[in-house]
Amino acid sequence: MTQSDTGQIADPSGPVGIFDSGIGGLSILREIRKLMPEEDLCYVADSAWMPYGEKPRAVVRDRSLKIARFLVEKQGCKAIVVACNTATGLAVDLLREELDVPVIAIEPAIKPATECTKSGVIGVMATPGTLSGEKFGLLRGRFSGDKRIISQPCPGLAREIEKGKPHSIRLRKLLTRFLHPFLEEGADVIVLGCTHYPLVKPLIQEIAGPGVQLIDSGEAVARQLHRKLDESGLRSSSAREGSQRFWCSGKIIECASSLGILSGNTPHVEKLPV
Ligand code: DGL
């Protein structure tokens, strides 16, 4: 057990809470599962309120806090992973202020992209909310150096991926349109700055071509969670494989089916009570 500054006790045998506006955080959950198979995981898809990237800041902050509180107070989560770039940009400060457990956040992988590019041109695709946020401006300013960073807001893309039809013509059309400026300008690295995008990585790679490297932040988030749990004495010591529970605020059947198509097995999904 670890006591926080405000006296709340976190239990190492408790689950890790993960949330996103929808099923995008599955790309993060996978990486966490790979690195820490023994941890129990609770996942919330806030599908009734998606897309966060096209919602006012106050709405995203309110939903993020409600969900994080549900995970910590009702499910006993010992840490929260904000598996959403938009919610990180708009609400992570609030979560860190209000919660007594470690909050692990995600940001577009601009730093590693600057280390990989040979052409010096980097494309960043993300939601309008992420790209217009102050946090993204600071990140870009900090790491861009002499590299050219082209940012492309992708309205509608997360929602299309959420439908769980990775081979749809509409999805291909949207991606072709959003990737075009990067390819025209000679970008050789593209940052997937929304957790939904790695779920359709093969299609993005096919359209971008073999000379373009795609980078996301999933592994880095899992490593950061590992470090934080270690530092706080919160790693599970269980020898069995961790469990997974899923909640969704939107349509349960659709959510379960999209999760199933994109992950290979259809989980049991419960109705989110907040
Ligand atoms: N998956 C989320 C992200 O990483 C956002 C998708 C949405 O707009 O709801 O930004």
# chains A, B, ... in the order shown; residues from 1 in each chain; ligands from 1
call {"tool": "select_by_dssp", "arguments": {"residues": "range 121-274 of chain A", "states": "alpha helix (DSSP H)", "output": "VMD selection string"}}
result
chain A and resid 128 to 132 134 to 143 157 to 162 169 to 184 201 to 208 218 to 231 252 to 263
call {"tool": "select_by_dssp", "arguments": {"residues": "range 27-265 of chain A", "states": "strand (DSSP E or B)", "output": "ChimeraX atom specification"}}
result
/A:41-45,79-82,103-104,121-126,148-153,189-192,213-215,244-248
call {"tool": "write_last_selection", "arguments": {"atoms": "N, CA and C atoms", "output": "short mmCIF file (atom, residue, chain, number, x, y, z; two decimals), in the first residue's frame"}}
result
data_model
loop_
_atom_site.label_atom_id
_atom_site.label_comp_id
_atom_site.auth_asym_id
_atom_site.auth_seq_id
_atom_site.Cartn_x
_atom_site.Cartn_y
_atom_site.Cartn_z
N LEU A 41 -6.45 -4.60 -15.74
CA LEU A 41 -6.72 -3.34 -16.45
C LEU A 41 -8.21 -3.06 -16.52
N CYS A 42 -8.59 -1.80 -16.29
CA CYS A 42 -9.98 -1.35 -16.46
C CYS A 42 -9.98 -0.31 -17.58
N TYR A 43 -10.80 -0.51 -18.59
CA TYR A 43 -10.78 0.40 -19.75
C TYR A 43 -12.15 1.07 -19.94
N VAL A 44 -12.14 2.39 -20.09
CA VAL A 44 -13.39 3.10 -20.38
C VAL A 44 -13.31 3.75 -21.76
N ALA A 45 -14.33 3.45 -22.58
CA ALA A 45 -14.49 4.11 -23.88
C ALA A 45 -15.67 5.08 -23.75
N ALA A 79 -3.69 3.74 -10.62
CA ALA A 79 -3.07 4.72 -11.53
C ALA A 79 -4.03 4.92 -12.70
N ILE A 80 -3.93 6.11 -13.31
CA ILE A 80 -4.78 6.40 -14.47
C ILE A 80 -3.91 6.67 -15.68
N VAL A 81 -4.23 6.02 -16.79
CA VAL A 81 -3.55 6.31 -18.06
C VAL A 81 -4.53 7.04 -18.96
N VAL A 82 -4.18 8.26 -19.31
CA VAL A 82 -5.03 9.04 -20.22
C VAL A 82 -4.62 8.62 -21.64
N VAL A 103 -0.99 9.87 -12.59
CA VAL A 103 -1.72 10.05 -13.86
C VAL A 103 -0.68 10.06 -14.98
N ILE A 104 -0.79 9.08 -15.87
CA ILE A 104 0.18 8.96 -16.97
C ILE A 104 -0.51 9.46 -18.23
N VAL A 121 11.56 16.71 -42.86
CA VAL A 121 10.14 17.10 -42.89
C VAL A 121 9.33 16.03 -42.16
N ILE A 122 8.55 16.48 -41.18
CA ILE A 122 7.77 15.56 -40.34
C ILE A 122 6.29 15.94 -40.44
N GLY A 123 5.45 14.94 -40.61
CA GLY A 123 4.00 15.20 -40.62
C GLY A 123 3.42 14.79 -39.28
N VAL A 124 2.50 15.57 -38.76
CA VAL A 124 1.80 15.19 -37.53
C VAL A 124 0.31 15.18 -37.81
N MET A 125 -0.32 14.02 -37.66
CA MET A 125 -1.78 13.97 -37.81
C MET A 125 -2.40 13.80 -36.42
N ALA A 126 -3.42 14.60 -36.14
CA ALA A 126 -4.06 14.55 -34.82
C ALA A 126 -5.43 15.19 -34.92
N ARG A 148 11.17 20.69 -40.25
CA ARG A 148 9.89 21.30 -40.65
C ARG A 148 8.76 20.38 -40.19
N ILE A 149 7.85 20.94 -39.42
CA ILE A 149 6.75 20.10 -38.93
C ILE A 149 5.44 20.57 -39.56
N ILE A 150 4.81 19.65 -40.28
CA ILE A 150 3.53 20.00 -40.90
C ILE A 150 2.43 19.33 -40.07
N SER A 151 1.53 20.13 -39.50
CA SER A 151 0.47 19.48 -38.74
C SER A 151 -0.83 19.47 -39.51
N GLN A 152 -1.48 18.34 -39.47
CA GLN A 152 -2.71 18.13 -40.24
C GLN A 152 -3.86 17.74 -39.30
N PRO A 153 -4.80 18.66 -39.06
CA PRO A 153 -5.97 18.27 -38.27
C PRO A 153 -6.80 17.26 -39.08
N VAL A 189 8.64 10.96 -42.10
CA VAL A 189 8.16 10.43 -40.82
C VAL A 189 6.80 11.06 -40.54
N ILE A 190 5.86 10.22 -40.16
CA ILE A 190 4.53 10.73 -39.81
C ILE A 190 4.20 10.31 -38.38
N VAL A 191 3.84 11.30 -37.57
CA VAL A 191 3.49 11.04 -36.18
C VAL A 191 1.98 10.80 -36.10
N LEU A 192 1.61 9.67 -35.53
CA LEU A 192 0.19 9.36 -35.33
C LEU A 192 -0.21 9.94 -33.97
N GLN A 213 8.07 6.45 -42.43
CA GLN A 213 8.01 5.76 -41.13
C GLN A 213 6.87 6.35 -40.28
N LEU A 214 6.07 5.47 -39.70
CA LEU A 214 4.97 5.92 -38.84
C LEU A 214 5.37 5.75 -37.38
N ILE A 215 5.13 6.78 -36.57
CA ILE A 215 5.52 6.70 -35.16
C ILE A 215 4.33 7.01 -34.27
N GLN A 244 -9.04 -8.05 -17.62
CA GLN A 244 -9.42 -6.82 -18.34
C GLN A 244 -10.93 -6.62 -18.20
N ARG A 245 -11.33 -5.37 -17.87
CA ARG A 245 -12.76 -5.05 -17.84
C ARG A 245 -12.98 -3.82 -18.71
N PHE A 246 -14.10 -3.83 -19.41
CA PHE A 246 -14.38 -2.72 -20.33
C PHE A 246 -15.72 -2.07 -20.00
N TRP A 247 -15.76 -0.73 -20.05
CA TRP A 247 -17.02 0.02 -19.92
C TRP A 247 -17.13 0.96 -21.12
N CYS A 248 -18.38 1.28 -21.46
CA CYS A 248 -18.59 2.19 -22.59
C CYS A 248 -19.81 3.06 -22.27
#
call {"tool": "residues_near_ligand", "arguments": {"ligand": "ligand 1", "cutoff": "8 Å", "atoms": "only C-alpha atoms and all ligand atoms", "output": "ChimeraX atom specification"}}
result
/A:20-25,47,49-55,83-87,126-130,155-156,158-159,193-197
call {"tool": "atom_distance", "arguments": {"atom1": "CA of Arg96 in chain A", "atom2": "CA of Ser249 in chain A"}}
result
23.1 Å
call {"tool": "atom_distance", "arguments": {"atom1": "CA of Lys111 in chain A", "atom2": "CA of Phe182 in chain A"}}
result
17.8 Å
call {"tool": "residues_around", "arguments": {"residues": "Leu157 in chain A", "least_positions_apart": "6", "cutoff": "8 Å", "atoms": "only C-alpha atoms", "output": "PyMOL selection string"}}
result
chain A and resi 171+174-175
call {"tool": "write_last_selection", "arguments": {"atoms": "N, CA, C and O atoms", "output": "short mmCIF file (atom, residue, chain, number, x, y, z; two decimals), in the first residue's frame"}}
result
data_model
loop_
_atom_site.label_atom_id
_atom_site.label_comp_id
_atom_site.auth_asym_id
_atom_site.auth_seq_id
_atom_site.Cartn_x
_atom_site.Cartn_y
_atom_site.Cartn_z
N LEU A 171 -13.03 5.44 -45.16
CA LEU A 171 -11.82 5.56 -44.35
C LEU A 171 -10.60 5.78 -45.25
O LEU A 171 -9.77 6.64 -45.01
N LEU A 174 -10.66 9.35 -46.62
CA LEU A 174 -10.28 10.36 -45.61
C LEU A 174 -8.76 10.35 -45.42
O LEU A 174 -8.11 11.40 -45.40
N LEU A 175 -8.20 9.14 -45.27
CA LEU A 175 -6.76 9.03 -45.03
C LEU A 175 -5.97 9.58 -46.22
O LEU A 175 -4.97 10.28 -46.05
#
call {"tool": "residues_around", "arguments": {"residues": "range 58-71 of chain A", "least_positions_apart": "4", "cutoff": "7 Å", "atoms": "only C-alpha atoms", "output": "JSON, numbers by chain"}}
result
{"A": [17, 52, 75, 76, 77, 80, 87, 90, 91, 95, 274]}
call {"tool": "write_last_selection", "arguments": {"atoms": "C-alpha atoms", "output": "PDB file, in the first residue's frame"}}
result
ATOM      1  CA  GLY A  17      -7.449   2.549 -15.222  1.00  0.00           C
ATOM      2  CA  TYR A  52     -13.310  14.735 -27.947  1.00  0.00           C
ATOM      3  CA  GLN A  75     -13.000   0.525  -9.281  1.00  0.00           C
ATOM      4  CA  GLY A  76     -10.051   1.112  -6.949  1.00  0.00           C
ATOM      5  CA  CYS A  77      -7.612   1.949  -9.745  1.00  0.00           C
ATOM      6  CA  ILE A  80      -4.784   6.396 -14.466  1.00  0.00           C
ATOM      7  CA  ALA A  87      -7.847  14.638 -23.192  1.00  0.00           C
ATOM      8  CA  LEU A  90      -7.098  19.660 -22.435  1.00  0.00           C
ATOM      9  CA  ALA A  91      -7.491  17.978 -19.052  1.00  0.00           C
ATOM     10  CA  LEU A  95      -6.718  15.208 -13.282  1.00  0.00           C
ATOM     11  CA  VAL A 274     -21.275   8.150 -15.350  1.00  0.00           C
TER      12      VAL A 274
END
call {"tool": "residues_around", "arguments": {"residues": "range 262-271 of chain A", "least_positions_apart": "3", "cutoff": "8 Å", "atoms": "only C-alpha atoms", "output": "PDB file with N, CA, C and O atoms, in the first residue's frame"}}
result
ATOM      1  N   LEU A  26      -7.260   1.438 -27.063  1.00  0.00           N
ATOM      2  CA  LEU A  26      -6.904   0.032 -27.214  1.00  0.00           C
ATOM      3  C   LEU A  26      -5.448  -0.095 -27.699  1.00  0.00           C
ATOM      4  O   LEU A  26      -4.736  -1.033 -27.324  1.00  0.00           O
ATOM      5  N   GLY A 164     -15.155   0.623 -36.614  1.00  0.00           N
ATOM      6  CA  GLY A 164     -14.626  -0.738 -36.710  1.00  0.00           C
ATOM      7  C   GLY A 164     -14.724  -1.316 -38.106  1.00  0.00           C
ATOM      8  O   GLY A 164     -14.946  -2.516 -38.264  1.00  0.00           O
ATOM      9  N   PRO A 166     -12.175  -1.250 -40.826  1.00  0.00           N
ATOM     10  CA  PRO A 166     -10.854  -0.814 -41.270  1.00  0.00           C
ATOM     11  C   PRO A 166     -10.643  -0.888 -42.782  1.00  0.00           C
ATOM     12  O   PRO A 166      -9.646  -0.382 -43.281  1.00  0.00           O
ATOM     13  N   LEU A 199      -4.633   2.033 -34.749  1.00  0.00           N
ATOM     14  CA  LEU A 199      -5.524   0.882 -34.989  1.00  0.00           C
ATOM     15  C   LEU A 199      -5.677   0.596 -36.482  1.00  0.00           C
ATOM     16  O   LEU A 199      -6.077  -0.499 -36.864  1.00  0.00           O
ATOM     17  N   ARG A 245     -11.332  -5.374 -17.866  1.00  0.00           N
ATOM     18  CA  ARG A 245     -12.761  -5.046 -17.844  1.00  0.00           C
ATOM     19  C   ARG A 245     -12.979  -3.824 -18.706  1.00  0.00           C
ATOM     20  O   ARG A 245     -12.149  -2.908 -18.720  1.00  0.00           O
ATOM     21  N   PHE A 246     -14.098  -3.826 -19.413  1.00  0.00           N
ATOM     22  CA  PHE A 246     -14.383  -2.715 -20.332  1.00  0.00           C
ATOM     23  C   PHE A 246     -15.721  -2.068 -19.996  1.00  0.00           C
ATOM     24  O   PHE A 246     -16.700  -2.766 -19.727  1.00  0.00           O
ATOM     25  N   TRP A 247     -15.762  -0.731 -20.051  1.00  0.00           N
ATOM     26  CA  TRP A 247     -17.019   0.017 -19.924  1.00  0.00           C
ATOM     27  C   TRP A 247     -17.132   0.964 -21.119  1.00  0.00           C
ATOM     28  O   TRP A 247     -16.123   1.424 -21.661  1.00  0.00           O
ATOM     29  N   CYS A 248     -18.379   1.277 -21.462  1.00  0.00           N
ATOM     30  CA  CYS A 248     -18.592   2.186 -22.588  1.00  0.00           C
ATOM     31  C   CYS A 248     -19.811   3.057 -22.273  1.00  0.00           C
ATOM     32  O   CYS A 248     -20.796   2.566 -21.703  1.00  0.00           O
ATOM     33  N   SER A 249     -19.759   4.350 -22.634  1.00  0.00           N
ATOM     34  CA  SER A 249     -20.899   5.234 -22.360  1.00  0.00           C
ATOM     35  C   SER A 249     -21.872   5.246 -23.535  1.00  0.00           C
ATOM     36  O   SER A 249     -22.972   5.754 -23.429  1.00  0.00           O
ATOM     37  N   GLY A 250     -21.457   4.694 -24.655  1.00  0.00           N
ATOM     38  CA  GLY A 250     -22.302   4.723 -25.856  1.00  0.00           C
ATOM     39  C   GLY A 250     -22.993   3.391 -26.070  1.00  0.00           C
ATOM     40  O   GLY A 250     -23.393   2.716 -25.124  1.00  0.00           O
ATOM     41  N   ILE A 252     -23.303  -0.266 -26.447  1.00  0.00           N
ATOM     42  CA  ILE A 252     -22.464  -1.375 -25.995  1.00  0.00           C
ATOM     43  C   ILE A 252     -22.149  -2.358 -27.127  1.00  0.00           C
ATOM     44  O   ILE A 252     -21.002  -2.752 -27.317  1.00  0.00           O
ATOM     45  N   ILE A 253     -23.174  -2.730 -27.885  1.00  0.00           N
ATOM     46  CA  ILE A 253     -22.961  -3.771 -28.911  1.00  0.00           C
ATOM     47  C   ILE A 253     -21.994  -3.276 -29.974  1.00  0.00           C
ATOM     48  O   ILE A 253     -21.060  -3.968 -30.380  1.00  0.00           O
ATOM     49  N   CYS A 255     -19.742  -0.933 -29.655  1.00  0.00           N
ATOM     50  CA  CYS A 255     -18.404  -0.774 -29.060  1.00  0.00           C
ATOM     51  C   CYS A 255     -17.711  -2.139 -28.979  1.00  0.00           C
ATOM     52  O   CYS A 255     -16.552  -2.288 -29.385  1.00  0.00           O
ATOM     53  N   ALA A 256     -18.437  -3.148 -28.493  1.00  0.00           N
ATOM     54  CA  ALA A 256     -17.849  -4.492 -28.353  1.00  0.00           C
ATOM     55  C   ALA A 256     -17.456  -5.028 -29.724  1.00  0.00           C
ATOM     56  O   ALA A 256     -16.391  -5.628 -29.899  1.00  0.00           O
ATOM     57  N   SER A 257     -18.301  -4.754 -30.722  1.00  0.00           N
ATOM     58  CA  SER A 257     -18.008  -5.284 -32.047  1.00  0.00           C
ATOM     59  C   SER A 257     -16.772  -4.581 -32.654  1.00  0.00           C
ATOM     60  O   SER A 257     -15.894  -5.231 -33.215  1.00  0.00           O
ATOM     61  N   SER A 258     -16.666  -3.244 -32.491  1.00  0.00           N
ATOM     62  CA  SER A 258     -15.478  -2.548 -33.002  1.00  0.00           C
ATOM     63  C   SER A 258     -14.224  -3.021 -32.285  1.00  0.00           C
ATOM     64  O   SER A 258     -13.186  -3.255 -32.909  1.00  0.00           O
ATOM     65  N   LEU A 259     -14.327  -3.193 -30.962  1.00  0.00           N
ATOM     66  CA  LEU A 259     -13.163  -3.681 -30.203  1.00  0.00           C
ATOM     67  C   LEU A 259     -12.769  -5.061 -30.711  1.00  0.00           C
ATOM     68  O   LEU A 259     -11.585  -5.365 -30.868  1.00  0.00           O
TER      69      LEU A 259
END
call {"tool": "atom_distance", "arguments": {"atom1": "CA of Ala208 in chain A", "atom2": "CA of Gly186 in chain A"}}
result
10.8 Å
call {"tool": "closest_residue", "arguments": {"among": "A:Thr176, A:Ser27, A:Ser132, A:Ser119", "to": "Arg57 in chain A", "atoms": "only C-alpha atoms"}}
result
A:Ser132
call {"tool": "decode", "arguments": {"residues": "range 45-71 of chain A", "atoms": "C-alpha atoms", "output": "PDB file, in the first residue's frame"}}
result
ATOM      1  CA  ALA A  45     -14.492   4.114 -23.885  1.00  0.00           C
ATOM      2  CA  ASP A  46     -16.482   7.365 -23.654  1.00  0.00           C
ATOM      3  CA  SER A  47     -18.131   6.741 -27.030  1.00  0.00           C
ATOM      4  CA  ALA A  48     -21.326   8.688 -26.240  1.00  0.00           C
ATOM      5  CA  TRP A  49     -19.191  11.827 -25.966  1.00  0.00           C
ATOM      6  CA  MET A  50     -16.754  11.289 -28.795  1.00  0.00           C
ATOM      7  CA  PRO A  51     -15.130  12.887 -30.734  1.00  0.00           C
ATOM      8  CA  TYR A  52     -13.310  14.735 -27.947  1.00  0.00           C
ATOM      9  CA  GLY A  53     -11.161  16.378 -30.608  1.00  0.00           C
ATOM     10  CA  GLU A  54     -14.149  18.339 -31.890  1.00  0.00           C
ATOM     11  CA  LYS A  55     -15.709  19.204 -28.491  1.00  0.00           C
ATOM     12  CA  PRO A  56     -15.276  22.331 -26.315  1.00  0.00           C
ATOM     13  CA  ARG A  57     -12.457  22.191 -23.753  1.00  0.00           C
ATOM     14  CA  ALA A  58     -14.894  22.347 -20.806  1.00  0.00           C
ATOM     15  CA  VAL A  59     -16.730  19.217 -21.999  1.00  0.00           C
ATOM     16  CA  VAL A  60     -13.522  17.199 -22.375  1.00  0.00           C
ATOM     17  CA  ARG A  61     -12.328  18.314 -18.916  1.00  0.00           C
ATOM     18  CA  ASP A  62     -15.635  17.435 -17.299  1.00  0.00           C
ATOM     19  CA  ARG A  63     -15.859  13.986 -18.930  1.00  0.00           C
ATOM     20  CA  SER A  64     -12.201  13.183 -18.206  1.00  0.00           C
ATOM     21  CA  LEU A  65     -12.592  13.981 -14.519  1.00  0.00           C
ATOM     22  CA  LYS A  66     -15.865  12.051 -14.169  1.00  0.00           C
ATOM     23  CA  ILE A  67     -14.349   8.960 -15.799  1.00  0.00           C
ATOM     24  CA  ALA A  68     -11.091   9.145 -13.857  1.00  0.00           C
ATOM     25  CA  ARG A  69     -13.064   9.451 -10.595  1.00  0.00           C
ATOM     26  CA  PHE A  70     -15.200   6.447 -11.552  1.00  0.00           C
ATOM     27  CA  LEU A  71     -12.026   4.436 -12.133  1.00  0.00           C
TER      28      LEU A  71
END
